[in-house]
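Asker: Here you go, one structure.
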Amino acid sequence: MAHLLGGESLHLEYPAKVVLGDVTVGIAEGDRVGIVGRNGDGKSTLMKVLTGSIVPHGGTVTHRGSLLVGMLAQTDDLPAGSTVEHAIVGDIPEYEWAGDARVRDVLQGLVRGIDWKGSVDDLSGGQRRRVSLAKLLVGEWDVLALDEPTNHLDMEGIAWLAKHLKTRWSSTAGGLLIVTHDRWFLDEVCTRMWEVHDGEVEPFEGGYAAYILQRMERRRQQDVAETKRRNILRKELAWLRRGAPARTSKPKFRIDAATQLIADEPAPRDSVDLARLATARLGKDVVDLLDVGVTYPPATPGGAAHEVLRDVEWRIAPGERTGILGPNGVGKSTLLGLVTGDVQPTSGKVKRGVTVRVATLSQQLTELDEFANAKVREVLDLQKTSFMSEGKELSPTQLLERLGFRSSELSTPVRDLSGGQRRRLQLLLVLMGEPNVLILDEPSNDLDTDMLAAMEDLLDTWPGTLLVVSHDRYLIERVTDNQYAIEGGNLRHLPGGVEEYLQRQAAGHGAAPSAGGSLNVSTTDAASAPKRGTTAAPVALAGAERRNAEKELSAIDRRLVKLAAEIHTSHQRIAAHDQSDYAGIGGLTAELESHEAEVARLEDRWLELSELLA
């Protein structure tokens with residue numbers, strides 16, 4: 001493939017850190033590269049060096065002649081006082097941009113619901129981000145460099161962006177550089193991965209899933225090589241230490257070999273071990289929302305009241321792990337407020353169990369406001385002098401180090417922490433309260449992929465009830481067993497998970513928040529939208545029958561996972577068994593057939609329940 005953009009022997013360092021040390025990378029026609037790594041290791045810096053925003057201290061950036069590179073930075077550059085229309089399409093006449101299919105697709109995917117003639121100065125942060133992304137994507141570019149493009153996009157917007165980038169060029173044209181923590185997006189779009197760490201850039205083939213597999217295999221190979229190296233090291237050092245007089249008479253090549261082994265001792269990579277703190281006991285009753293509705297009063301005198309939720313019946317069970325889906329502004333935060341007690345229903349009733357202790361990991365990091373001037377180590381000292389985690393007593397410093405804080409960072413004031421560090425400290429403070437109902441409101445914000453994986457590992461063993469609101473599809477599918485969507489004020493169960501939710505949104509079943517003066521760029525919207533006064537197809541089950549069917553469906557899902565493991569074990573036992581032992585083989589085969597028959601029966605029942613709940 002033809003070379004588009006690259007860097008040779010790139011070097012960039014700051015007084016306390018080498019960000020890039022003799023790095024050589026390249027992008028060819030058809031490359032779709034995802035850049036991953038810990039926060040602060042230089043992902044965005046590498047992108048800025050390649051696009052010319054930062055001049056490296058050493059090395060050369062190379063690119064094809066007349067190359068057009070477009071970059072989306074983490075901060076927008078929308079012109080003050082401009083309208084949304086002018087910020088995106090400039091002075092191009094409407095008949096020109098409206099006749100371009102790609103421009104119409106970008107506008108439909110990103111700025112629908114935003115006032116087309118409104119000022120950019122009046123937009124929220126999320127709307128400004130969408131306008132900035134639309135402004136970039138309507139242009140013609142040979143290479144696109146996107147720094148956190150999924151920030152402020154809901155799940156439908158992320159799915160649209162992935163489809164757009166996959167079809168923007170042919171498979172052998174164009175180049176793409178992406179820095180994002182959205183692992184589903186990386187897996188969907190990227191064909192190569194670069195991991196930035198310790199001043200190096202390590203390349204991997206394939207998307208995020210392939211990157212994880214290759215990374216683990218490389219670590220395994222390094223462990224084997226390291227074991228061999230340490231064995232040699234011990235022998236060399238033992239030989240060198242056999243008597244002081246003897247050292248001077250050792251052959252010089254042996255001393256040089258041992259010295260080289262010591263010099264190659266690798267620096268330890270940072271490890272994140274989230275502490276599993278004790279959780280208060282949770283009784284049989286958690287929170288029940290019984291025929292609940294929430295209506296907000298009119299914003300202006302004489303205006304109409306705004307109904308957010310209606311007829312919501314949701315009985316949250318002990319140990320339930322649920323993801324809440326829906327566009328921004330549809331009522332997810334209101335629903336969580338009913339669970340926490342911060343929002344009072346205008347109709348219906350909310351019942352809470354006596355032992356329920358709710359904690360929320362919010363988006364705003366408000367838990368840290370009172371500690372802004374305190375040092376990191378002092379934050380925990382103000383809470384307790386010791387903590388119990390997995391049966392061990394830990395000091396505040398030990399607990400912070402297990403959470404990924406370096407010793408040098410413990411004296412840093414909280415106000416000076418990076419977004420990812422503040423997020424980790426916030427999570428720790430929430431867990432220290434020993435809640436038994438944990439609500440995560442966009443928990444993936446500001447966390448790198450390694451920290452997200454560590455948090456998910458923690459949540460795997462979380463014994464309480466877990467409720468998650470997130471646009472991170474990977475996270476939702478990873479840590480929750482059930483998904484619900486808010487549609488038209490109602491809470492709807494999604495047996496098909498995120499995929500069913502996206503299909504329903506595409507079919508027009510979801511209710512997006514209204515926005516006056518919004519742009520319509522597609523003539524198919526009116527035809528595909530449901531007619532006024534019509535209702536969704538009737539649901540076959542309701543009330544207690546529906547709840548029982550949902551529980552049975554969840555139980556079937558869990559049983560199918562266990563059966564898959566048992567079938568795999570049966571195959572291994574048959575392969576390892578003495579093939580001349582016909583009786584033994586027959587018994588193992590009968591056991592395997594029994595498992596497979598149960599799988600077939602459960603799959604049929606799963607389909608029946610899905611149809612009843614759809």
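Every chain in the structure tokens takes a letter, A first, then B, and so on in the order presented; its residues are numbered from 1, and the ligands are numbered from 1 following the presented order.
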Considering only C-alpha atoms, return as a ChimeraX atom specification whatever protein or nucleic-acid residues lie within 12 Å of Leu466 in chain A, sequence-local ones (same chain, fewer than 5 positions apart) excluded.

Answerer: /A:286,316-324,336,339,358-361,435-441,456,458-461,476,479-483

Asker: Write out as a list in words which residues come within 12 Å of Asp450 in chain A when counting only C-alpha atoms, dropping same-chain ones fewer than 5 positions away.

Answerer: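 Near neighbours after the sequence-gap exclusion: Val36, Gly37, Arg38, Asn39, His181, Asp182, Arg183, Glu195, His197, Tyr208, Ile212, Arg215, Arg269, Asp270, Ser271, Val272, Asp273, Leu274, Leu403, Gly404, Gly420, Ser444, Met455, Glu456 and Asp457 of chain A.
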
Asker: Please, which residues of range 262-442 of chain A, numbered as in this document, come out strand (DSSP E or B) from DSSP, as an MDAnalysis selection string?

Answerer: chainID A and resid 277 287:296 306:316 321:325 347:352 358:361 375 387:389 392:394 413 437:441

Asker: Compile the contact shell of range 100-102 of chain A as a ChimeraX atom specification: residues with an atom at most 9 Å away, counting only C-alpha atoms, same-chain residues fewer than 5 positions apart removed.

Answerer: /A:95,107,137-138,168

Asker: Might you pull out every residue within 12 Å of Glu499 in chain A, with only C-alpha atoms counted and same-chain residues fewer than 4 positions away left off, and present them as a list in words?

Answerer: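 Contacts, in chain order: Met155, Glu156, Ala159, Leu325, Arg473, Tyr474, Ile476, Glu477, Gln483, Tyr484, Ala485, Leu494, Pro495, Gln503, Arg504, Gln505 and Ala506 of chain A.
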
Asker: Could you give me, as a CSV table (one decimal) with N, CA and C atoms, in the first residue's frame, the residues within 12 Å of Glu401 in chain A, counting only C-alpha atoms and dropping anything in the same chain fewer than 2 positions from it?

Answerer:
```
chain,number,residue,atom,x,y,z
A,270,ASP,N,3.1,-0.3,35.3
A,270,ASP,CA,2.1,0.0,36.4
A,270,ASP,C,1.0,-1.1,36.4
A,271,SER,N,0.7,-1.6,37.5
A,271,SER,CA,-0.4,-2.5,37.6
A,271,SER,C,-1.5,-1.9,38.5
A,272,VAL,N,-2.7,-2.1,38.0
A,272,VAL,CA,-3.9,-1.6,38.7
A,272,VAL,C,-4.7,-2.7,39.3
A,273,ASP,N,-4.8,-2.7,40.6
A,273,ASP,CA,-5.5,-3.8,41.4
A,273,ASP,C,-6.6,-3.1,42.2
A,274,LEU,N,-7.8,-3.0,41.7
A,274,LEU,CA,-8.8,-2.4,42.4
A,274,LEU,C,-9.2,-3.2,43.7
A,275,ALA,N,-9.2,-2.5,44.8
A,275,ALA,CA,-9.5,-3.2,46.0
A,275,ALA,C,-11.0,-3.6,46.1
A,376,VAL,N,-3.5,13.6,47.9
A,376,VAL,CA,-4.2,12.4,47.6
A,376,VAL,C,-4.1,11.5,48.8
A,377,ARG,N,-3.0,11.3,49.5
A,377,ARG,CA,-2.9,10.4,50.6
A,377,ARG,C,-3.7,10.9,51.8
A,394,LEU,N,-5.3,-3.0,55.1
A,394,LEU,CA,-4.4,-2.1,54.3
A,394,LEU,C,-4.4,-0.7,54.8
A,395,SER,N,-3.3,0.0,54.7
A,395,SER,CA,-3.2,1.4,55.1
A,395,SER,C,-3.7,2.2,53.9
A,396,PRO,N,-4.0,3.5,54.1
A,396,PRO,CA,-4.5,4.3,53.0
A,396,PRO,C,-3.5,4.4,51.9
A,397,THR,N,-2.2,4.4,52.2
A,397,THR,CA,-1.2,4.5,51.1
A,397,THR,C,-1.2,3.2,50.3
A,398,GLN,N,-1.3,2.0,51.0
A,398,GLN,CA,-1.3,0.8,50.3
A,398,GLN,C,-2.6,0.6,49.4
A,399,LEU,N,-3.7,1.1,49.9
A,399,LEU,CA,-4.9,1.0,49.1
A,399,LEU,C,-4.8,1.9,47.8
A,403,LEU,N,-4.7,0.9,43.7
A,403,LEU,CA,-5.6,1.5,42.7
A,403,LEU,C,-4.8,2.2,41.6
A,404,GLY,N,-3.5,2.0,41.5
A,404,GLY,CA,-2.8,2.5,40.4
A,404,GLY,C,-2.1,3.8,40.6
A,405,PHE,N,-2.1,4.4,41.8
A,405,PHE,CA,-1.4,5.6,42.1
A,405,PHE,C,0.1,5.3,42.4
A,406,ARG,N,1.0,6.1,41.7
A,406,ARG,CA,2.4,5.9,42.0
A,406,ARG,C,2.7,6.6,43.3
A,407,SER,N,3.8,6.2,43.9
A,407,SER,CA,4.2,6.9,45.2
A,407,SER,C,4.4,8.4,45.0
A,408,SER,N,5.0,8.8,43.9
A,408,SER,CA,5.3,10.2,43.6
A,408,SER,C,4.0,11.0,43.5
A,409,GLU,N,2.8,10.3,43.2
A,409,GLU,CA,1.6,11.0,43.0
A,409,GLU,C,0.8,11.2,44.3
A,410,LEU,N,1.2,10.6,45.4
A,410,LEU,CA,0.4,10.6,46.6
A,410,LEU,C,0.4,12.0,47.3
A,421,GLN,N,-7.2,10.0,37.0
A,421,GLN,CA,-6.8,9.9,38.4
A,421,GLN,C,-8.0,10.3,39.3
A,424,ARG,N,-10.5,7.5,39.3
A,424,ARG,CA,-10.1,6.4,40.2
A,424,ARG,C,-10.3,6.7,41.7
A,425,LEU,N,-9.9,7.9,42.1
A,425,LEU,CA,-10.1,8.3,43.5
A,425,LEU,C,-11.6,8.4,43.8
A,428,LEU,N,-12.9,4.9,44.4
A,428,LEU,CA,-12.5,4.4,45.7
A,428,LEU,C,-13.3,5.0,46.9
```

Asker: Just give me the gap between CA of Gly52 in chain A and CA of Pro79 in chain A in Å, one decimal is fine.

Answerer: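 Going from CA of Gly52 in chain A over to CA of Pro79 in chain A, I get 21.7 Å.
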
Asker: For the atom pair CA of Glu188 in chain A and CA of Ser170 in chain A, what is the interatomic distance in Å to one decimal place?

Answerer: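 So the answer is 15.7 Å.
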
Asker: Using only C-alpha atoms, which of A:Glu378, A:Glu591, A:Glu545, A:Asp291 sits nearest Thr412 in chain A?

Answerer: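 The shortest atom-to-atom distance to Thr412 in chain A comes from A:Glu378.
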
Asker: Would you pick out the contacts of Arg492 in chain A at 12 Å or less, using only C-alpha atoms, so that residues sharing its chain but fewer than 2 positions from it are not included, and give the list as a PyMOL selection string?

Answerer: chain A and resi 309-314+323-326+482-490+494-497+500-501+504+509-510+536+539+542+546-547+550+613-614

Asker: Within 7 Å of Ser347 in chain A, counting only C-alpha atoms, which residues show up once you throw out same-chain ones fewer than 5 positions away? Write them as a list in words, please.

Answerer: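 Near Ser347 in chain A, the qualifying residues are Val292, Gly293 and Val294 of chain A.
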